[in-house]
Structure formats: C-alpha cells, structure tokens
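In what follows, a structure is listed as structure tokens, so that the remarks can point back to it.
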Amino acid sequence: MRELSLYILDIAQNSISAGASLIEISVEENTQSDFLTITITDNGCGMSSEQISLVTDPFYTTRTTRRVGLGLPLFRMAAEQAGGNLGIESVLGKGTTVAANFVLSHIDRAPLGDLQGTITALIRLNPDRDFLFRHSIDQRSVTVDTRVLRNVLGEIALNTPEVMSWISEYIDEQEKTLSGLLPGKTELL
Ligand SMILES: Nc1ncnc2c1ncn2[C@@H]1O[C@H](COP(=O)(O)OP(=O)(O)OP(=O)(O)O)[C@@H](O)[C@H]1O
Ligand SMILES: [Mg+2]
C-alpha cells in the first residue's frame with residue numbers, strides 16, 4: 001500500500017507545475033466521524049470545467065513526455081478503496097482544490113507515512129513558493145506557514161541548511177506532540 005504522503009507530494013507537484021505561489025496542504029483526522037480528509041489548494045492556473053471532468057481519466061494529461069497522467073486517478077483510487085472519494089474544484093486563472101476523503105479506520109486506508117519528510121522536501125525544493133501545512137487530529141493541530149517564517153527570516157532563504165533543519169525538527173516535534181508521543185501544548189507558527 002502506497003503511503004498517503006506520497007500522493008500529497010504528487011498532487012502538490014501538480015500545483016507547482018500549475019505555477020502556484022501558495023500551496024495549502026491540510027490533513028484532518030476526525031476520530032468522531034471516523035474520517036480523514038486531505039485537501040491540497042493552490043492559486044495556480046486552474047482548469048476549465050471540461051479539463052476537470054477529464055483529469056481523473058488516466059489518459060488525460062497535458063504532459064508532453066508521456067500520454068498518461070496518473071497522479072489524480074491513483075489518488076482517487078486510494079480514496080475509493082478506503083470508503084471515500086475525491087473531489088476537484090477549479091477555476092481557470094484562480095486555482096484548484098483537490099480534496100480526498102477516507103474512512104479513517106478502514107482496513108484498506110493507506111497510512112499517512114512521512115508527512116514531515118514530504119513537507120520539508122516540498123519547501124527545500126521550492127524555496128520561492130509558499131506552503132501552508134496543517135495537520136489536525138480532532139481539536140489539536142500542527143501548523144507551518146512559510147509566509148510567517150519568511151517574514152521572520154528577512155533576506156535569509158528558506159532552503160538554507162540551518163533553516164531547513166529547524167523546520168524539519170519543528171515539524172517532527174509538533175507531530176510527536178500531536179500523536180501523543182511527547183507531552184506539551186502545540187503552538188501556532
Ligand atoms: N493543481 C492543478 N492545477 C492545474 N491543472 C492541474 C492541476 N492538477 C492537475 N492538473 C491538470 O490535470 C492533468 C492530470 O494530472 P495528473 O496528476 O493526473 O497527471 P500528470 O500530472 O499529467 O502526470 P503524473 O502526475 O502522472 O506525472 C495535468 O496534466 C494538468 O493538466
Ligand atoms: Mg501529476
């Protein structure tokens with residue numbers, strides 16, 4: 001079973017290809033309703049309604065290197081296999097939201113995998129774009145907003161090694177607190 005963080009990386013890559021300057025990634029776990037929702041929102045080039053209806057078809061792609069685009073169809077399959085679904089909302093010239101639902105406790109729901117590694121890789125490889133990452137479990141949440149970090153850092157690039165290791169450790173620590181491995185209060189960043 002492929003980890004969900006790898007799908008997040010794929011879908012965020014679509015946002016980057018679409019020229020987005022801000023990519024919002026939200027992972028919401030709700031133990032009451034037993035649902036997991038993953039949302040990726042961008043302010044990239046968007047899609048026409050005709051394009052939207054085609055994109056979950058594996059033969060549709062604007063790629064020129066190969067004909068088949070698999071990112072969205074595979075993500076949809078992962079959601080449907082876990083009792084959920086995938087929805088796409090997009091406006092040409094404005095941006096796109098891809099939202100996938102999963103039954104949290106479903107036996108075929110893939111594990112989240114390495115969210116920390118995924119988010120830090122996205123920031124490291126795209127230091128000129130902004131990312132807003134939020135992971136919540138019921139009422140508790142972890143938030144990382146590169147716009148806030150950028151403000152604090154001034155001229156220093158986000159992908160300098162010291163800043164990257166700080167971000168990586170911050171997410172790791174916050175994720176551990178969220179999953180109950182570390183005591184403490186989650187703070188907002
Ligand atoms: N966030 C987005 N903004 C604008 N267009 C998008 C976005 N996501 C997907 N698309 C369009 O939908 C097509 C299909 O996306 P999908 O991820 O399924 O395949 P791909 O990116 O073309 O190839 P692959 O993901 O397999 O490398 C893309 O080629 C692109 O035209
Ligand atoms: Mg893709």
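Order determines the names: the first chain of the structure tokens is A, the second B, and so forth; residues in each chain are numbered 1 upward, and ligands are numbered 1 upward as they are shown.
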
Give me, as JSON lines, the closest atom pair and its distance (Å, one decimal) for every residue of chain A within a cut-off of 9 Å of ligand 2, counting only C-alpha atoms and all ligand atoms, rows sorted by chain and rising number.
```
{"residue": "A:Asp10", "atom": "CA", "partner": "ligand 2", "partner_atom_place_in_ligand_line": "1 (Mg)", "distance": 5.6}
{"residue": "A:Ile11", "atom": "CA", "partner": "ligand 2", "partner_atom_place_in_ligand_line": "1 (Mg)", "distance": 5.9}
{"residue": "A:Ala12", "atom": "CA", "partner": "ligand 2", "partner_atom_place_in_ligand_line": "1 (Mg)", "distance": 8.2}
{"residue": "A:Gln13", "atom": "CA", "partner": "ligand 2", "partner_atom_place_in_ligand_line": "1 (Mg)", "distance": 6.3}
{"residue": "A:Asn14", "atom": "CA", "partner": "ligand 2", "partner_atom_place_in_ligand_line": "1 (Mg)", "distance": 4.8}
{"residue": "A:Ser15", "atom": "CA", "partner": "ligand 2", "partner_atom_place_in_ligand_line": "1 (Mg)", "distance": 8.6}
{"residue": "A:Ser17", "atom": "CA", "partner": "ligand 2", "partner_atom_place_in_ligand_line": "1 (Mg)", "distance": 8.4}
{"residue": "A:Thr61", "atom": "CA", "partner": "ligand 2", "partner_atom_place_in_ligand_line": "1 (Mg)", "distance": 8.3}
{"residue": "A:Arg63", "atom": "CA", "partner": "ligand 2", "partner_atom_place_in_ligand_line": "1 (Mg)", "distance": 8.9}
{"residue": "A:Gly69", "atom": "CA", "partner": "ligand 2", "partner_atom_place_in_ligand_line": "1 (Mg)", "distance": 6.2}
{"residue": "A:Leu70", "atom": "CA", "partner": "ligand 2", "partner_atom_place_in_ligand_line": "1 (Mg)", "distance": 6.4}
{"residue": "A:Gly71", "atom": "CA", "partner": "ligand 2", "partner_atom_place_in_ligand_line": "1 (Mg)", "distance": 4.3}
{"residue": "A:Leu72", "atom": "CA", "partner": "ligand 2", "partner_atom_place_in_ligand_line": "1 (Mg)", "distance": 6.6}
```

Keeping only N, CA and C atoms, write those residues as a tab-separated table (two decimals), in the first residue's frame.
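Contents of part02.tsv, as written:
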```
chain	number	residue	atom	x	y	z
A	10	ASP	N	2.74	14.12	-4.93
A	10	ASP	CA	2.30	14.12	-6.34
A	10	ASP	C	1.34	15.26	-6.65
A	11	ILE	N	0.35	15.41	-5.78
A	11	ILE	CA	-0.71	16.40	-6.04
A	11	ILE	C	-0.14	17.82	-5.87
A	12	ALA	N	0.76	17.99	-4.88
A	12	ALA	CA	1.41	19.29	-4.70
A	12	ALA	C	2.31	19.59	-5.91
A	13	GLN	N	2.87	18.56	-6.50
A	13	GLN	CA	3.69	18.74	-7.70
A	13	GLN	C	2.84	19.29	-8.85
A	14	ASN	N	1.60	18.85	-8.95
A	14	ASN	CA	0.67	19.40	-9.96
A	14	ASN	C	0.48	20.90	-9.73
A	15	SER	N	0.34	21.30	-8.45
A	15	SER	CA	0.16	22.71	-8.12
A	15	SER	C	1.38	23.52	-8.53
A	17	SER	N	3.54	22.69	-10.93
A	17	SER	CA	3.51	22.77	-12.40
A	17	SER	C	2.50	23.80	-12.88
A	61	THR	N	-3.73	14.07	-19.90
A	61	THR	CA	-2.57	14.76	-19.31
A	61	THR	C	-2.14	15.88	-20.25
A	63	ARG	N	0.94	16.63	-20.10
A	63	ARG	CA	2.33	16.24	-20.26
A	63	ARG	C	2.64	16.01	-21.73
A	69	GLY	N	-1.53	10.51	-17.52
A	69	GLY	CA	-1.33	11.20	-16.25
A	69	GLY	C	-1.93	10.34	-15.16
A	70	LEU	N	-1.14	10.02	-14.13
A	70	LEU	CA	-1.64	9.05	-13.15
A	70	LEU	C	-1.86	9.63	-11.76
A	71	GLY	N	-1.38	10.85	-11.53
A	71	GLY	CA	-1.46	11.40	-10.18
A	71	GLY	C	-2.87	11.41	-9.61
A	72	LEU	N	-3.79	12.07	-10.29
A	72	LEU	CA	-5.16	12.20	-9.78
A	72	LEU	C	-5.93	10.87	-9.79
```

TODO: Could you give me, as a PyMOL selection string, every polymer residue with an atom at most 10 Å away from an atom of ligand 1, counting only C-alpha atoms and all ligand atoms?
DONE: chain A and resi 7+9-20+23+40-48+51-76+88-98

Open item on the list: So, with only C-alpha atoms as the atoms that count, which of A:Arg124, A:Arg109, A:Arg134, A:Arg147 lies closest to Thr160 of chain A?
Closed with: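 For Thr160 of chain A, the nearest of the given residues is A:Arg124.
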
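Picture a line from atom CA of Val27 of chain A to atom CA of Asp128 of chain A; it runs 22.9 Å.
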
Open item on the list: I'd like the contact shell of Glu162 of chain A - 12 Å cut-off, only C-alpha atoms, skipping same-chain residues fewer than 6 positions apart - returned as JSON, numbers by chain.
Closed with: {"A": [124, 153, 156, 168, 169]}

- [ ] Per DSSP on the backbone, filter segment 10-156 of chain A down to the residues in strand (DSSP E) and report them as an MDAnalysis selection string.
- [x] chainID A and resid 22:30 35:42 86:91 95:103 130:137 140:145

Resulting file, chosen residues, N, CA and C atoms, as a compact mmCIF listing (two decimals), in the first residue's frame:
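Saved file part_8.txt follows:
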```txt
# COMPACT_ATOMS: atom_id res chain seq x y z
N LEU A 22 1.25 29.83 -3.82
CA LEU A 22 0.85 29.38 -2.47
C LEU A 22 0.14 28.03 -2.60
N ILE A 23 0.63 27.07 -1.81
CA ILE A 23 0.04 25.73 -1.82
C ILE A 23 -0.33 25.38 -0.38
N GLU A 24 -1.61 25.13 -0.17
CA GLU A 24 -2.08 24.82 1.17
C GLU A 24 -2.38 23.32 1.26
N ILE A 25 -1.76 22.69 2.24
CA ILE A 25 -1.93 21.25 2.41
C ILE A 25 -2.55 20.99 3.78
N SER A 26 -3.71 20.38 3.77
CA SER A 26 -4.37 20.14 5.05
C SER A 26 -4.70 18.67 5.21
N VAL A 27 -4.34 18.13 6.37
CA VAL A 27 -4.61 16.73 6.71
C VAL A 27 -5.45 16.76 7.99
N GLU A 28 -6.70 16.37 7.87
CA GLU A 28 -7.61 16.45 9.01
C GLU A 28 -8.08 15.07 9.42
N GLU A 29 -7.77 14.69 10.65
CA GLU A 29 -8.25 13.40 11.14
C GLU A 29 -9.35 13.66 12.15
N ASN A 30 -10.51 13.07 11.89
CA ASN A 30 -11.63 13.24 12.82
C ASN A 30 -12.04 11.87 13.35
N PHE A 35 -13.39 9.96 9.85
CA PHE A 35 -12.99 10.40 8.52
C PHE A 35 -11.62 11.08 8.52
N LEU A 36 -10.91 10.87 7.43
CA LEU A 36 -9.65 11.56 7.19
C LEU A 36 -9.84 12.35 5.90
N THR A 37 -9.54 13.64 5.94
CA THR A 37 -9.67 14.47 4.75
C THR A 37 -8.32 15.09 4.42
N ILE A 38 -7.89 14.92 3.19
CA ILE A 38 -6.66 15.55 2.72
C ILE A 38 -7.04 16.56 1.64
N THR A 39 -6.67 17.81 1.87
CA THR A 39 -7.01 18.86 0.91
C THR A 39 -5.74 19.57 0.43
N ILE A 40 -5.61 19.73 -0.86
CA ILE A 40 -4.49 20.49 -1.44
C ILE A 40 -5.10 21.62 -2.28
N THR A 41 -4.84 22.84 -1.85
CA THR A 41 -5.41 24.01 -2.53
C THR A 41 -4.28 24.86 -3.08
N ASP A 42 -4.42 25.32 -4.32
CA ASP A 42 -3.38 26.18 -4.88
C ASP A 42 -3.98 27.37 -5.61
N LEU A 86 -12.90 11.39 -4.11
CA LEU A 86 -12.02 12.51 -4.43
C LEU A 86 -12.83 13.57 -5.17
N GLY A 87 -12.64 14.81 -4.79
CA GLY A 87 -13.34 15.91 -5.46
C GLY A 87 -12.36 16.95 -5.95
N ILE A 88 -12.66 17.55 -7.10
CA ILE A 88 -11.79 18.61 -7.65
C ILE A 88 -12.65 19.84 -7.91
N GLU A 89 -12.18 20.96 -7.39
CA GLU A 89 -12.83 22.23 -7.71
C GLU A 89 -11.75 23.11 -8.30
N SER A 90 -12.06 23.76 -9.40
CA SER A 90 -11.03 24.58 -10.03
C SER A 90 -11.66 25.71 -10.82
N VAL A 91 -10.98 26.83 -10.82
CA VAL A 91 -11.42 27.97 -11.61
C VAL A 91 -10.22 28.43 -12.44
N GLY A 95 -7.24 29.02 -9.47
CA GLY A 95 -6.61 27.95 -8.71
C GLY A 95 -7.47 26.72 -8.59
N THR A 96 -6.95 25.77 -7.82
CA THR A 96 -7.54 24.44 -7.76
C THR A 96 -7.55 23.91 -6.33
N THR A 97 -8.61 23.18 -6.00
CA THR A 97 -8.64 22.45 -4.74
C THR A 97 -8.92 20.98 -5.03
N VAL A 98 -8.06 20.14 -4.52
CA VAL A 98 -8.27 18.69 -4.63
C VAL A 98 -8.50 18.19 -3.21
N ALA A 99 -9.63 17.54 -2.99
CA ALA A 99 -9.94 17.05 -1.64
C ALA A 99 -10.25 15.56 -1.70
N ALA A 100 -9.58 14.80 -0.86
CA ALA A 100 -9.84 13.36 -0.80
C ALA A 100 -10.28 12.98 0.60
N ASN A 101 -11.33 12.16 0.65
CA ASN A 101 -11.83 11.64 1.93
C ASN A 101 -11.52 10.16 2.04
N PHE A 102 -11.27 9.74 3.27
CA PHE A 102 -11.01 8.32 3.54
C PHE A 102 -11.72 7.96 4.85
N VAL A 103 -12.22 6.72 4.95
CA VAL A 103 -12.68 6.26 6.26
C VAL A 103 -11.41 5.96 7.06
N ASP A 130 5.21 29.52 -1.39
CA ASP A 130 4.78 29.42 0.00
C ASP A 130 3.92 28.19 0.22
N PHE A 131 4.09 27.61 1.40
CA PHE A 131 3.33 26.43 1.79
C PHE A 131 2.67 26.69 3.13
N LEU A 132 1.41 26.33 3.20
CA LEU A 132 0.71 26.35 4.48
C LEU A 132 0.31 24.92 4.77
N PHE A 133 0.93 24.35 5.79
CA PHE A 133 0.66 22.95 6.12
C PHE A 133 -0.07 22.91 7.45
N ARG A 134 -1.12 22.12 7.48
CA ARG A 134 -1.86 21.97 8.71
C ARG A 134 -2.26 20.50 8.87
N HIS A 135 -1.96 19.94 10.02
CA HIS A 135 -2.36 18.57 10.32
C HIS A 135 -3.13 18.60 11.63
N SER A 136 -4.36 18.14 11.61
CA SER A 136 -5.11 18.13 12.85
C SER A 136 -5.63 16.74 13.18
N ILE A 137 -5.68 16.48 14.48
CA ILE A 137 -6.34 15.29 14.99
C ILE A 137 -7.39 15.82 15.97
N ARG A 140 -6.81 19.16 18.12
CA ARG A 140 -5.40 19.58 18.19
C ARG A 140 -4.80 19.69 16.80
N SER A 141 -3.88 20.63 16.61
CA SER A 141 -3.30 20.75 15.27
C SER A 141 -1.87 21.27 15.27
N VAL A 142 -1.19 20.99 14.16
CA VAL A 142 0.15 21.48 13.87
C VAL A 142 0.02 22.38 12.65
N THR A 143 0.63 23.55 12.70
CA THR A 143 0.59 24.43 11.53
C THR A 143 1.98 24.94 11.21
N VAL A 144 2.35 24.90 9.94
CA VAL A 144 3.58 25.55 9.48
C VAL A 144 3.22 26.43 8.30
N ASP A 145 3.57 27.70 8.39
CA ASP A 145 3.26 28.66 7.34
C ASP A 145 4.57 29.32 6.90
```

Open item on the list: If I take atom CA of Met1 of chain A and atom CA of Ile123 of chain A, how far is one from the other in Å, to one decimal?
Closed with: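 According to the coordinates, atom CA of Met1 of chain A and atom CA of Ile123 of chain A are separated by 25.5 Å.
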
Open item on the list: Give me, as JSON, numbers by chain, the residues of segment 80-186 of chain A that a backbone DSSP run labels alpha helix (DSSP H).
Closed with: {"A": [80, 81, 115, 116, 117, 118, 119, 120, 121, 122, 123, 124, 125, 146, 147, 148, 149, 150, 151, 152, 153, 161, 162, 163, 164, 165, 166, 167, 168, 169, 170, 171, 172, 173, 174, 175, 176, 177, 178]}

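The nearest approach to Leu125 of chain A among the residues A:Ile107, A:Arg150, A:Ala157, A:Glu175, with only C-alpha atoms taken into account, belongs to A:Ala157.
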